[in-house]
$ cat input-v9.cif   # mmCIF, C-alpha atoms
data_my_file
#
loop_
_atom_site.group_PDB
_atom_site.id
_atom_site.type_symbol
_atom_site.label_atom_id
_atom_site.label_comp_id
_atom_site.auth_asym_id
_atom_site.auth_seq_id
_atom_site.Cartn_x
_atom_site.Cartn_y
_atom_site.Cartn_z
ATOM 1 C CA MET A 1 0.000 0.000 0.000
ATOM 2 C CA ILE A 2 2.757 2.431 0.871
ATOM 3 C CA TRP A 3 4.409 1.893 -2.502
ATOM 4 C CA VAL A 4 1.160 2.659 -4.281
ATOM 5 C CA VAL A 5 0.941 5.913 -2.325
ATOM 6 C CA ALA A 6 4.563 6.780 -3.100
ATOM 7 C CA VAL A 7 4.162 6.151 -6.837
ATOM 8 C CA VAL A 8 0.943 8.184 -7.041
ATOM 9 C CA VAL A 9 2.484 11.091 -5.116
ATOM 10 C CA PHE A 10 5.523 10.977 -7.401
ATOM 11 C CA ILE A 11 3.313 11.081 -10.507
ATOM 12 C CA MET A 12 1.333 13.976 -9.019
ATOM 13 C CA LEU A 13 4.424 16.063 -8.240
ATOM 14 C CA ALA A 14 5.975 15.331 -11.641
ATOM 15 C CA ALA A 15 2.781 16.451 -13.381
ATOM 16 C CA ALA A 16 2.662 19.573 -11.197
ATOM 17 C CA LEU A 17 6.197 20.493 -12.241
ATOM 18 C CA ALA A 18 5.261 19.778 -15.857
ATOM 19 C CA VAL A 19 2.423 22.304 -15.563
ATOM 20 C CA LEU A 20 4.948 24.998 -14.768
ATOM 21 C CA PHE A 21 7.697 24.107 -17.208
ATOM 22 C CA LEU A 22 6.057 22.727 -20.359
ATOM 23 C CA PRO A 23 6.229 25.340 -23.137
ATOM 24 C CA ASN A 24 3.054 24.175 -24.864
ATOM 25 C CA MET A 25 -0.148 25.317 -23.170
ATOM 26 C CA ILE A 26 -2.247 22.322 -24.268
ATOM 27 C CA ALA A 27 0.285 20.029 -22.634
ATOM 28 C CA ALA A 28 0.159 22.153 -19.472
ATOM 29 C CA VAL A 29 -3.628 21.807 -19.255
ATOM 30 C CA VAL A 30 -3.367 18.040 -19.764
ATOM 31 C CA ALA A 31 -0.751 17.898 -16.999
ATOM 32 C CA SER A 32 -3.116 19.717 -14.642
ATOM 33 C CA ALA A 33 -5.765 17.093 -15.473
ATOM 34 C CA VAL A 34 -3.192 14.416 -14.578
ATOM 35 C CA VAL A 35 -2.680 16.161 -11.212
ATOM 36 C CA SER A 36 -6.440 16.038 -10.603
ATOM 37 C CA LEU A 37 -6.663 12.346 -11.473
ATOM 38 C CA SER A 38 -3.739 11.472 -9.167
ATOM 39 C CA LEU A 39 -5.505 13.454 -6.467
ATOM 40 C CA THR A 40 -8.593 11.316 -7.094
ATOM 41 C CA VAL A 41 -6.607 8.149 -6.418
ATOM 42 C CA ILE A 42 -5.166 9.693 -3.225
ATOM 43 C CA PHE A 43 -8.636 10.687 -1.992
ATOM 44 C CA ALA A 44 -9.828 7.127 -2.589
ATOM 45 C CA ILE A 45 -6.830 5.797 -0.624
ATOM 46 C CA VAL A 46 -7.457 8.051 2.386
ATOM 47 C CA LYS A 47 -11.047 6.761 2.621
ATOM 48 C CA ALA A 48 -12.849 9.771 1.214
ATOM 49 C CA PRO A 49 -14.774 8.227 -1.698
ATOM 50 C CA ASP A 50 -17.294 11.063 -2.040
ATOM 51 C CA VAL A 51 -14.521 13.634 -2.381
ATOM 52 C CA ALA A 52 -12.823 11.344 -4.898
ATOM 53 C CA MET A 53 -15.961 11.165 -7.032
ATOM 54 C CA THR A 54 -16.386 14.935 -6.952
ATOM 55 C CA GLU A 55 -12.739 15.525 -7.784
ATOM 56 C CA ALA A 56 -12.902 13.140 -10.743
ATOM 57 C CA ALA A 57 -16.082 14.654 -12.143
ATOM 58 C CA ILE A 58 -15.471 18.334 -11.477
ATOM 59 C CA GLY A 59 -11.737 18.753 -10.890
ATOM 60 C CA ALA A 60 -10.642 16.610 -13.813
ATOM 61 C CA GLY A 61 -13.646 16.812 -16.133
ATOM 62 C CA LEU A 62 -15.312 20.209 -15.882
ATOM 63 C CA SER A 63 -12.153 22.112 -14.999
ATOM 64 C CA SER A 64 -10.254 20.696 -17.981
ATOM 65 C CA LEU A 65 -13.217 21.531 -20.214
ATOM 66 C CA ILE A 66 -13.255 25.147 -18.999
ATOM 67 C CA LEU A 67 -9.502 25.480 -19.448
ATOM 68 C CA ALA A 68 -9.699 23.972 -22.951
ATOM 69 C CA ILE A 69 -12.372 26.487 -23.948
ATOM 70 C CA GLY A 70 -10.126 29.209 -22.553
ATOM 71 C CA LEU A 71 -7.193 27.890 -24.598
ATOM 72 C CA LYS A 72 -9.312 28.000 -27.727
ATOM 73 C CA ARG A 73 -10.408 31.579 -27.138
ATOM 74 C CA LEU A 74 -6.992 32.845 -26.090
ATOM 75 C CA GLY A 75 -5.307 31.506 -29.208
ATOM 76 C CA TYR A 76 -3.112 28.903 -27.536
ATOM 77 C CA TRP A 77 -4.769 26.016 -29.380
ATOM 78 C CA LYS A 78 -1.786 25.148 -31.526
ATOM 79 C CA THR A 79 0.783 22.402 -31.495
ATOM 80 C CA ASP A 80 3.715 24.018 -33.305
ATOM 81 C CA SER A 81 5.066 25.612 -30.160
ATOM 82 C CA ILE A 82 8.092 23.307 -29.915
ATOM 83 C CA ASP A 83 9.644 24.708 -33.088
ATOM 84 C CA LYS A 84 9.131 28.253 -31.854
ATOM 85 C CA VAL A 85 10.791 27.367 -28.582
ATOM 86 C CA LYS A 86 13.759 25.957 -30.456
ATOM 87 C CA ALA A 87 13.901 29.153 -32.495
ATOM 88 C CA GLY A 88 14.095 31.155 -29.267
ATOM 89 C CA GLU A 89 10.573 32.539 -29.426
ATOM 90 C CA ARG A 90 9.371 31.290 -26.102
ATOM 91 C CA HIS A 91 6.113 32.669 -24.798
ATOM 92 C CA ASP A 92 5.891 32.127 -21.095
ATOM 93 C CA MET B 1 13.203 9.327 12.463
ATOM 94 C CA ASN B 2 11.181 6.726 10.633
ATOM 95 C CA SER B 3 7.859 8.520 10.724
ATOM 96 C CA PHE B 4 8.373 10.000 7.270
ATOM 97 C CA PHE B 5 7.997 6.708 5.444
ATOM 98 C CA THR B 6 4.469 6.116 6.536
ATOM 99 C CA ILE B 7 1.365 6.730 4.470
ATOM 100 C CA GLU B 8 0.630 9.959 6.334
ATOM 101 C CA GLY B 9 4.185 11.218 5.971
ATOM 102 C CA ILE B 10 4.335 10.662 2.223
ATOM 103 C CA LEU B 11 0.880 12.143 1.718
ATOM 104 C CA TYR B 12 1.651 15.246 3.780
ATOM 105 C CA PHE B 13 4.902 15.650 1.856
ATOM 106 C CA GLY B 14 3.000 15.444 -1.430
ATOM 107 C CA ALA B 15 0.310 17.884 -0.322
ATOM 108 C CA ILE B 16 2.718 20.515 0.974
ATOM 109 C CA SER B 17 4.962 20.111 -2.074
ATOM 110 C CA LEU B 18 1.946 20.606 -4.349
ATOM 111 C CA SER B 19 1.046 23.804 -2.496
ATOM 112 C CA ILE B 20 4.621 25.056 -2.720
ATOM 113 C CA ILE B 21 4.800 24.311 -6.445
ATOM 114 C CA GLY B 22 1.537 26.210 -6.984
ATOM 115 C CA LEU B 23 2.740 29.206 -4.944
ATOM 116 C CA PHE B 24 6.063 29.201 -6.804
ATOM 117 C CA GLY B 25 4.239 29.232 -10.124
ATOM 118 C CA LEU B 26 1.964 32.063 -9.005
ATOM 119 C CA LEU B 27 4.952 34.166 -7.999
ATOM 120 C CA VAL B 28 7.322 33.377 -10.851
ATOM 121 C CA SER B 29 5.340 32.831 -14.059
ATOM 122 C CA LYS B 30 4.875 35.747 -16.425
ATOM 123 C CA ASN B 31 2.011 34.398 -18.495
ATOM 124 C CA LEU B 32 -1.462 35.020 -17.087
ATOM 125 C CA PHE B 33 -2.776 31.618 -18.178
ATOM 126 C CA ARG B 34 0.085 29.834 -16.451
ATOM 127 C CA MET B 35 -0.697 31.809 -13.307
ATOM 128 C CA LEU B 36 -4.243 30.426 -13.515
ATOM 129 C CA LEU B 37 -2.888 26.875 -13.824
ATOM 130 C CA SER B 38 -0.670 27.483 -10.778
ATOM 131 C CA LEU B 39 -3.738 28.664 -8.872
ATOM 132 C CA VAL B 40 -5.416 25.336 -9.713
ATOM 133 C CA LEU B 41 -2.395 23.466 -8.323
ATOM 134 C CA PHE B 42 -2.413 25.551 -5.136
ATOM 135 C CA GLU B 43 -6.102 24.795 -4.600
ATOM 136 C CA ALA B 44 -5.526 21.098 -5.077
ATOM 137 C CA GLY B 45 -2.738 21.073 -2.505
ATOM 138 C CA ALA B 46 -4.851 22.938 0.045
ATOM 139 C CA ASN B 47 -7.737 20.488 -0.466
ATOM 140 C CA LEU B 48 -5.412 17.537 0.048
ATOM 141 C CA VAL B 49 -4.037 19.002 3.308
ATOM 142 C CA LEU B 50 -7.593 19.495 4.581
ATOM 143 C CA VAL B 51 -8.669 15.949 3.803
ATOM 144 C CA LEU B 52 -5.498 14.529 5.344
ATOM 145 C CA SER B 53 -6.211 16.361 8.597
ATOM 146 C CA GLY B 54 -9.108 13.961 9.218
ATOM 147 C CA PHE B 55 -7.264 10.810 8.205
ATOM 148 C CA ILE B 56 -7.015 7.898 10.636
ATOM 149 C CA ARG B 57 -4.825 4.927 9.750
ATOM 150 C CA ASN B 58 -7.356 2.133 10.203
ATOM 151 C CA GLY B 59 -10.502 4.170 9.949
ATOM 152 C CA ILE B 60 -13.267 3.458 7.512
ATOM 153 C CA ALA B 61 -15.073 5.850 5.219
ATOM 154 C CA PRO B 62 -17.815 7.832 6.991
ATOM 155 C CA ILE B 63 -20.498 6.932 4.482
ATOM 156 C CA PHE B 64 -19.871 3.214 5.064
ATOM 157 C CA LEU B 65 -20.101 3.386 8.857
ATOM 158 C CA ASP B 66 -22.434 0.954 10.534
ATOM 159 C CA GLY B 67 -23.780 2.687 13.628
ATOM 160 C CA ASN B 68 -23.452 -0.179 16.105
ATOM 161 C CA SER B 69 -20.135 -1.699 15.076
ATOM 162 C CA GLY B 70 -17.922 0.636 17.145
ATOM 163 C CA ALA B 71 -15.397 1.097 14.363
ATOM 164 C CA VAL B 72 -13.488 4.363 14.028
ATOM 165 C CA MET B 73 -14.170 6.507 11.023
ATOM 166 C CA ASN B 74 -12.312 9.323 9.339
ATOM 167 C CA ASP B 75 -13.410 12.805 10.258
ATOM 168 C CA PRO B 76 -16.323 13.627 7.934
ATOM 169 C CA VAL B 77 -16.293 17.400 8.497
ATOM 170 C CA PRO B 78 -13.142 18.205 6.445
ATOM 171 C CA GLN B 79 -14.422 15.893 3.725
ATOM 172 C CA ALA B 80 -17.691 17.791 3.489
ATOM 173 C CA LEU B 81 -15.846 21.106 3.458
ATOM 174 C CA VAL B 82 -13.465 19.941 0.728
ATOM 175 C CA LEU B 83 -16.412 18.690 -1.299
ATOM 176 C CA THR B 84 -17.693 22.265 -1.318
ATOM 177 C CA ALA B 85 -14.241 23.754 -1.857
ATOM 178 C CA ILE B 86 -13.681 21.743 -5.045
ATOM 179 C CA VAL B 87 -16.862 23.098 -6.610
ATOM 180 C CA ILE B 88 -16.087 26.656 -5.490
ATOM 181 C CA GLY B 89 -12.577 26.245 -6.902
ATOM 182 C CA VAL B 90 -13.967 25.545 -10.359
ATOM 183 C CA GLY B 91 -16.143 28.654 -10.022
ATOM 184 C CA VAL B 92 -13.113 30.776 -9.094
ATOM 185 C CA GLN B 93 -11.254 29.302 -12.033
ATOM 186 C CA ALA B 94 -14.013 30.221 -14.489
ATOM 187 C CA LEU B 95 -14.153 33.765 -13.069
ATOM 188 C CA ALA B 96 -10.379 34.170 -13.412
ATOM 189 C CA LEU B 97 -10.560 32.885 -16.983
ATOM 190 C CA SER B 98 -13.221 35.448 -17.869
ATOM 191 C CA LEU B 99 -11.051 38.197 -16.368
ATOM 192 C CA ILE B 100 -8.135 36.925 -18.475
ATOM 193 C CA PHE B 101 -10.365 37.189 -21.556
ATOM 194 C CA ARG B 102 -11.072 40.823 -20.736
ATOM 195 C CA VAL B 103 -7.388 41.593 -20.150
ATOM 196 C CA LYS B 104 -6.424 39.937 -23.440
ATOM 197 C CA LYS B 105 -9.114 41.884 -25.263
ATOM 198 C CA HIS B 106 -8.073 45.214 -23.779
ATOM 199 C CA TYR B 107 -4.297 44.984 -23.754
ATOM 200 C CA GLY B 108 -3.806 42.469 -26.552
ATOM 201 C CA SER B 109 -1.209 40.501 -24.621
ATOM 202 C CA MET B 110 -0.858 37.844 -21.952
ATOM 203 C CA ASP B 111 2.608 38.826 -20.748
ATOM 204 C CA MET B 112 2.643 40.432 -17.320
ATOM 205 C CA ARG B 113 5.485 42.813 -18.195
ATOM 206 C CA THR B 114 3.756 44.091 -21.341
ATOM 207 C CA ILE B 115 0.482 44.514 -19.495
ATOM 208 C CA ARG B 116 2.208 46.384 -16.682
ATOM 209 C CA SER B 117 3.989 48.824 -18.962
ATOM 210 C CA LYS B 118 0.821 49.459 -20.953
ATOM 211 C CA LEU B 119 -1.141 49.963 -17.738
ATOM 212 C CA GLU B 120 1.385 52.473 -16.399
ATOM 213 C CA ARG B 121 1.375 54.355 -19.687
ATOM 214 C CA GLU B 122 -2.417 54.416 -19.689
ATOM 215 C CA ILE B 123 -2.608 55.735 -16.127
ATOM 216 C CA ALA B 124 -0.018 58.405 -16.886
ATOM 217 C CA THR B 125 -1.906 59.475 -20.006
ATOM 218 C CA GLN B 126 -5.159 59.730 -18.081
ATOM 219 C CA ALA B 127 -3.495 61.721 -15.302
ATOM 220 C CA GLY B 128 -1.828 64.015 -17.815
ATOM 221 C CA VAL B 129 1.754 63.435 -16.701
ATOM 222 C CA THR B 130 4.707 61.978 -18.533
ATOM 223 C CA PRO B 131 5.085 58.224 -18.079
ATOM 224 C CA PRO B 132 7.677 57.359 -15.452
ATOM 225 C CA GLY B 133 10.889 55.631 -16.415
ATOM 226 C CA SER B 134 12.270 52.733 -14.458
ATOM 227 C CA ASN B 135 15.807 51.859 -13.460
ATOM 228 C CA GLU B 136 16.095 49.348 -16.289
ATOM 229 C CA ALA B 137 14.564 51.393 -19.085
ATOM 230 C CA PRO B 138 14.769 55.098 -19.759
ATOM 231 C CA ALA B 139 11.628 57.190 -19.881
ATOM 232 C CA PRO B 140 9.691 56.523 -23.105
ATOM 233 C CA VAL B 141 9.927 58.971 -25.939
ATOM 234 C CA LYS B 142 7.085 61.451 -26.317
ATOM 235 C CA LEU B 143 4.797 60.266 -29.090
ATOM 236 C CA VAL B 144 4.357 62.635 -32.003
ATOM 237 C CA LYS B 145 1.029 62.582 -33.810
ATOM 238 C CA GLY B 146 1.278 60.598 -37.032
ATOM 239 C CA GLU B 147 4.534 58.924 -36.163
ATOM 240 C CA ALA B 148 4.417 55.180 -36.508
ATOM 241 C CA HIS B 149 4.964 53.514 -33.162
ATOM 242 C CA GLU B 150 5.427 49.799 -32.645
#
$ encode --input "input-v9.cif" --output "structure tokens"
Amino acid sequence: MIWVVAVVVFIMLAAALAVLFLPNMIAAVVASAVVSLSLTVIFAIVKAPDVAMTEAAIGAGLSSLILAIGLKRLGYWKTDSIDKVKAGERHD
Amino acid sequence: MNSFFTIEGILYFGAISLSIIGLFGLLVSKNLFRMLLSLVLFEAGANLVLVLSGFIRNGIAPIFLDGNSGAVMNDPVPQALVLTAIVIGVGVQALALSLIFRVKKHYGSMDMRTIRSKLEREIATQAGVTPPGSNEAPAPVKLVKGEAHE
């Protein structure tokens, strides 16, 4: 059990760092959804199944939907950001 | 000290680290959208700390408690509060996103430095004084009517 907890916490912290340091905004939103899903597993482990259900439905589902709509309207919905980063045109 | 490698120790470490990562992102990042994502991380870490405060090692979930069995359960009050806090967090997130839309529409940029310089120039224009220069950059040149700028 303790190894399951350690692996999930590691995944959660790695995804949280990826949110801050990924240059592509779509990837950052997906990483924040990964943080929410890891948090769901942790809530289920600490015997809070109702909080886990809410986190999975709202924290991972609705929140990612809202952020994706925001990405679309703010003009970040593009996948060619890696080339721009290599060319030195980093936007964060 | 072997109390770190327990379930509670690892979970508290993860929760506090998540909060610190979110706070770091809020303070350091220059893009407004990344600041919003950091706010989401900070909220998640705070929720996890709150749920962990009611955690008992061998407790059972409050909604599965049989009244006569005498078993210990986790504290249900932080769980109920966090249930509300998750929903309110999504509301805060949507509000912040709508404010970001307005800022993008008005200033045409998402970079905090650009927005700040434009805001200072706007305030100075409205107050009728010359825009202040900073230590890094000299005071901006007076704009002449008809001259192409930027």
$ resolve_selection --input "input-v9.cif" --expression "the PyMOL selection byres ((chain A and resi 57-65) around 12)" --output "MDAnalysis selection string"
(chainID A and resid 26:41 50:56 66:72) or (chainID B and resid 36:37 40:41 43:44 47 82:95 97)
$ write_last_selection --input "input-v9.cif" --atoms "C-alpha atoms" --output "PDB file, in the frame of the given file"
ATOM      1  CA  ILE A  26      -2.247  22.322 -24.268  1.00  0.00           C
ATOM      2  CA  ALA A  27       0.285  20.029 -22.634  1.00  0.00           C
ATOM      3  CA  ALA A  28       0.159  22.153 -19.472  1.00  0.00           C
ATOM      4  CA  VAL A  29      -3.628  21.807 -19.255  1.00  0.00           C
ATOM      5  CA  VAL A  30      -3.367  18.040 -19.764  1.00  0.00           C
ATOM      6  CA  ALA A  31      -0.751  17.898 -16.999  1.00  0.00           C
ATOM      7  CA  SER A  32      -3.116  19.717 -14.642  1.00  0.00           C
ATOM      8  CA  ALA A  33      -5.765  17.093 -15.473  1.00  0.00           C
ATOM      9  CA  VAL A  34      -3.192  14.416 -14.578  1.00  0.00           C
ATOM     10  CA  VAL A  35      -2.680  16.161 -11.212  1.00  0.00           C
ATOM     11  CA  SER A  36      -6.440  16.038 -10.603  1.00  0.00           C
ATOM     12  CA  LEU A  37      -6.663  12.346 -11.473  1.00  0.00           C
ATOM     13  CA  SER A  38      -3.739  11.472  -9.167  1.00  0.00           C
ATOM     14  CA  LEU A  39      -5.505  13.454  -6.467  1.00  0.00           C
ATOM     15  CA  THR A  40      -8.593  11.316  -7.094  1.00  0.00           C
ATOM     16  CA  VAL A  41      -6.607   8.149  -6.418  1.00  0.00           C
ATOM     17  CA  ASP A  50     -17.294  11.063  -2.040  1.00  0.00           C
ATOM     18  CA  VAL A  51     -14.521  13.634  -2.381  1.00  0.00           C
ATOM     19  CA  ALA A  52     -12.823  11.344  -4.898  1.00  0.00           C
ATOM     20  CA  MET A  53     -15.961  11.165  -7.032  1.00  0.00           C
ATOM     21  CA  THR A  54     -16.386  14.935  -6.952  1.00  0.00           C
ATOM     22  CA  GLU A  55     -12.739  15.525  -7.784  1.00  0.00           C
ATOM     23  CA  ALA A  56     -12.902  13.140 -10.743  1.00  0.00           C
ATOM     24  CA  ILE A  66     -13.255  25.147 -18.999  1.00  0.00           C
ATOM     25  CA  LEU A  67      -9.502  25.480 -19.448  1.00  0.00           C
ATOM     26  CA  ALA A  68      -9.699  23.972 -22.951  1.00  0.00           C
ATOM     27  CA  ILE A  69     -12.372  26.487 -23.948  1.00  0.00           C
ATOM     28  CA  GLY A  70     -10.126  29.209 -22.553  1.00  0.00           C
ATOM     29  CA  LEU A  71      -7.193  27.890 -24.598  1.00  0.00           C
ATOM     30  CA  LYS A  72      -9.312  28.000 -27.727  1.00  0.00           C
TER      31      LYS A  72
ATOM     32  CA  LEU B  36      -4.243  30.426 -13.515  1.00  0.00           C
ATOM     33  CA  LEU B  37      -2.888  26.875 -13.824  1.00  0.00           C
ATOM     34  CA  VAL B  40      -5.416  25.336  -9.713  1.00  0.00           C
ATOM     35  CA  LEU B  41      -2.395  23.466  -8.323  1.00  0.00           C
ATOM     36  CA  GLU B  43      -6.102  24.795  -4.600  1.00  0.00           C
ATOM     37  CA  ALA B  44      -5.526  21.098  -5.077  1.00  0.00           C
ATOM     38  CA  ASN B  47      -7.737  20.488  -0.466  1.00  0.00           C
ATOM     39  CA  VAL B  82     -13.465  19.941   0.728  1.00  0.00           C
ATOM     40  CA  LEU B  83     -16.412  18.690  -1.299  1.00  0.00           C
ATOM     41  CA  THR B  84     -17.693  22.265  -1.318  1.00  0.00           C
ATOM     42  CA  ALA B  85     -14.241  23.754  -1.857  1.00  0.00           C
ATOM     43  CA  ILE B  86     -13.681  21.743  -5.045  1.00  0.00           C
ATOM     44  CA  VAL B  87     -16.862  23.098  -6.610  1.00  0.00           C
ATOM     45  CA  ILE B  88     -16.087  26.656  -5.490  1.00  0.00           C
ATOM     46  CA  GLY B  89     -12.577  26.245  -6.902  1.00  0.00           C
ATOM     47  CA  VAL B  90     -13.967  25.545 -10.359  1.00  0.00           C
ATOM     48  CA  GLY B  91     -16.143  28.654 -10.022  1.00  0.00           C
ATOM     49  CA  VAL B  92     -13.113  30.776  -9.094  1.00  0.00           C
ATOM     50  CA  GLN B  93     -11.254  29.302 -12.033  1.00  0.00           C
ATOM     51  CA  ALA B  94     -14.013  30.221 -14.489  1.00  0.00           C
ATOM     52  CA  LEU B  95     -14.153  33.765 -13.069  1.00  0.00           C
ATOM     53  CA  LEU B  97     -10.560  32.885 -16.983  1.00  0.00           C
TER      54      LEU B  97
END
$ atom_distance --input "input-v9.cif" --atom1 "CA of Ala44 (chain A)" --atom2 "CA of Gly25 (chain B)"
27.3 Å
$ interface_residues --input "input-v9.cif" --of "chain A" --to "chain B" --cutoff "6 Å" --atoms "all atoms listed in the file" --output "list in words"
Ile2, Val9, Lys47, Val51 and Asp92 of chain A
$ axis_aligned_box --input "input-v9.cif" --around "region 5-17 of chain A" --padding-each-side "3 Å" --output "AutoDock Vina command-line options"
--center_x 3.6 --center_y 13.2 --center_z -7.9 --size_x 11.3 --size_y 20.6 --size_z 17.1
$ atom_distance --input "input-v9.cif" --atom1 "CA of Leu99 (chain B)" --atom2 "CA of Leu119 (chain B)"
15.4 Å
$ closest_residue --input "input-v9.cif" --among "B:Val77, B:Lys118, B:Arg102, B:Thr125" --to "Ser53 (chain B)" --atoms "all atoms listed in the file"
B:Val77
$ closest_residue --input "input-v9.cif" --among "B:Val49, B:Phe4, B:Ala124, B:Leu27" --to "Phe43 (chain A)" --atoms "only C-alpha atoms"
B:Val49
$ build_atoms --input "input-v9.cif" --residues "region 14-32 of chain A" --atoms "N, CA, C and O atoms" --output "PDB file, keeping the file's coordinate frame"
ATOM      1  N   ALA A  14       5.354  15.175 -10.322  1.00  0.00           N
ATOM      2  CA  ALA A  14       5.975  15.331 -11.641  1.00  0.00           C
ATOM      3  C   ALA A  14       5.040  16.072 -12.583  1.00  0.00           C
ATOM      4  O   ALA A  14       5.466  16.961 -13.339  1.00  0.00           O
ATOM      5  N   ALA A  15       3.740  15.744 -12.526  1.00  0.00           N
ATOM      6  CA  ALA A  15       2.781  16.451 -13.381  1.00  0.00           C
ATOM      7  C   ALA A  15       2.650  17.909 -12.970  1.00  0.00           C
ATOM      8  O   ALA A  15       2.494  18.790 -13.821  1.00  0.00           O
ATOM      9  N   ALA A  16       2.754  18.188 -11.651  1.00  0.00           N
ATOM     10  CA  ALA A  16       2.662  19.573 -11.197  1.00  0.00           C
ATOM     11  C   ALA A  16       3.852  20.389 -11.687  1.00  0.00           C
ATOM     12  O   ALA A  16       3.702  21.545 -12.099  1.00  0.00           O
ATOM     13  N   LEU A  17       5.044  19.774 -11.691  1.00  0.00           N
ATOM     14  CA  LEU A  17       6.197  20.493 -12.241  1.00  0.00           C
ATOM     15  C   LEU A  17       6.066  20.665 -13.743  1.00  0.00           C
ATOM     16  O   LEU A  17       6.486  21.689 -14.300  1.00  0.00           O
ATOM     17  N   ALA A  18       5.453  19.666 -14.409  1.00  0.00           N
ATOM     18  CA  ALA A  18       5.261  19.778 -15.857  1.00  0.00           C
ATOM     19  C   ALA A  18       4.312  20.908 -16.205  1.00  0.00           C
ATOM     20  O   ALA A  18       4.467  21.549 -17.241  1.00  0.00           O
ATOM     21  N   VAL A  19       3.331  21.178 -15.321  1.00  0.00           N
ATOM     22  CA  VAL A  19       2.423  22.304 -15.563  1.00  0.00           C
ATOM     23  C   VAL A  19       3.209  23.599 -15.644  1.00  0.00           C
ATOM     24  O   VAL A  19       2.947  24.457 -16.484  1.00  0.00           O
ATOM     25  N   LEU A  20       4.214  23.733 -14.785  1.00  0.00           N
ATOM     26  CA  LEU A  20       4.948  24.998 -14.768  1.00  0.00           C
ATOM     27  C   LEU A  20       5.958  25.115 -15.897  1.00  0.00           C
ATOM     28  O   LEU A  20       6.224  26.204 -16.371  1.00  0.00           O
ATOM     29  N   PHE A  21       6.536  23.988 -16.333  1.00  0.00           N
ATOM     30  CA  PHE A  21       7.697  24.107 -17.208  1.00  0.00           C
ATOM     31  C   PHE A  21       7.479  23.637 -18.629  1.00  0.00           C
ATOM     32  O   PHE A  21       8.384  23.745 -19.438  1.00  0.00           O
ATOM     33  N   LEU A  22       6.286  23.109 -18.963  1.00  0.00           N
ATOM     34  CA  LEU A  22       6.057  22.727 -20.359  1.00  0.00           C
ATOM     35  C   LEU A  22       5.805  23.980 -21.193  1.00  0.00           C
ATOM     36  O   LEU A  22       5.028  24.840 -20.780  1.00  0.00           O
ATOM     37  N   PRO A  23       6.441  24.123 -22.339  1.00  0.00           N
ATOM     38  CA  PRO A  23       6.229  25.340 -23.137  1.00  0.00           C
ATOM     39  C   PRO A  23       4.888  25.376 -23.845  1.00  0.00           C
ATOM     40  O   PRO A  23       4.372  26.455 -24.113  1.00  0.00           O
ATOM     41  N   ASN A  24       4.319  24.205 -24.139  1.00  0.00           N
ATOM     42  CA  ASN A  24       3.054  24.175 -24.864  1.00  0.00           C
ATOM     43  C   ASN A  24       1.898  24.245 -23.877  1.00  0.00           C
ATOM     44  O   ASN A  24       1.860  23.520 -22.881  1.00  0.00           O
ATOM     45  N   MET A  25       0.936  25.116 -24.128  1.00  0.00           N
ATOM     46  CA  MET A  25      -0.148  25.317 -23.170  1.00  0.00           C
ATOM     47  C   MET A  25      -1.130  24.148 -23.139  1.00  0.00           C
ATOM     48  O   MET A  25      -1.708  23.860 -22.098  1.00  0.00           O
ATOM     49  N   ILE A  26      -1.349  23.478 -24.269  1.00  0.00           N
ATOM     50  CA  ILE A  26      -2.247  22.322 -24.268  1.00  0.00           C
ATOM     51  C   ILE A  26      -1.666  21.236 -23.362  1.00  0.00           C
ATOM     52  O   ILE A  26      -2.376  20.618 -22.563  1.00  0.00           O
ATOM     53  N   ALA A  27      -0.365  21.032 -23.474  1.00  0.00           N
ATOM     54  CA  ALA A  27       0.285  20.029 -22.634  1.00  0.00           C
ATOM     55  C   ALA A  27       0.196  20.409 -21.164  1.00  0.00           C
ATOM     56  O   ALA A  27       0.029  19.550 -20.291  1.00  0.00           O
ATOM     57  N   ALA A  28       0.259  21.720 -20.872  1.00  0.00           N
ATOM     58  CA  ALA A  28       0.159  22.153 -19.472  1.00  0.00           C
ATOM     59  C   ALA A  28      -1.229  21.871 -18.913  1.00  0.00           C
ATOM     60  O   ALA A  28      -1.365  21.421 -17.767  1.00  0.00           O
ATOM     61  N   VAL A  29      -2.270  22.095 -19.726  1.00  0.00           N
ATOM     62  CA  VAL A  29      -3.628  21.807 -19.255  1.00  0.00           C
ATOM     63  C   VAL A  29      -3.812  20.310 -19.033  1.00  0.00           C
ATOM     64  O   VAL A  29      -4.426  19.885 -18.043  1.00  0.00           O
ATOM     65  N   VAL A  30      -3.264  19.494 -19.931  1.00  0.00           N
ATOM     66  CA  VAL A  30      -3.367  18.040 -19.764  1.00  0.00           C
ATOM     67  C   VAL A  30      -2.623  17.605 -18.503  1.00  0.00           C
ATOM     68  O   VAL A  30      -3.095  16.728 -17.759  1.00  0.00           O
ATOM     69  N   ALA A  31      -1.492  18.240 -18.220  1.00  0.00           N
ATOM     70  CA  ALA A  31      -0.751  17.898 -16.999  1.00  0.00           C
ATOM     71  C   ALA A  31      -1.551  18.272 -15.755  1.00  0.00           C
ATOM     72  O   ALA A  31      -1.525  17.549 -14.750  1.00  0.00           O
ATOM     73  N   SER A  32      -2.291  19.384 -15.803  1.00  0.00           N
ATOM     74  CA  SER A  32      -3.116  19.717 -14.642  1.00  0.00           C
ATOM     75  C   SER A  32      -4.250  18.715 -14.478  1.00  0.00           C
ATOM     76  O   SER A  32      -4.661  18.403 -13.350  1.00  0.00           O
TER      77      SER A  32
END
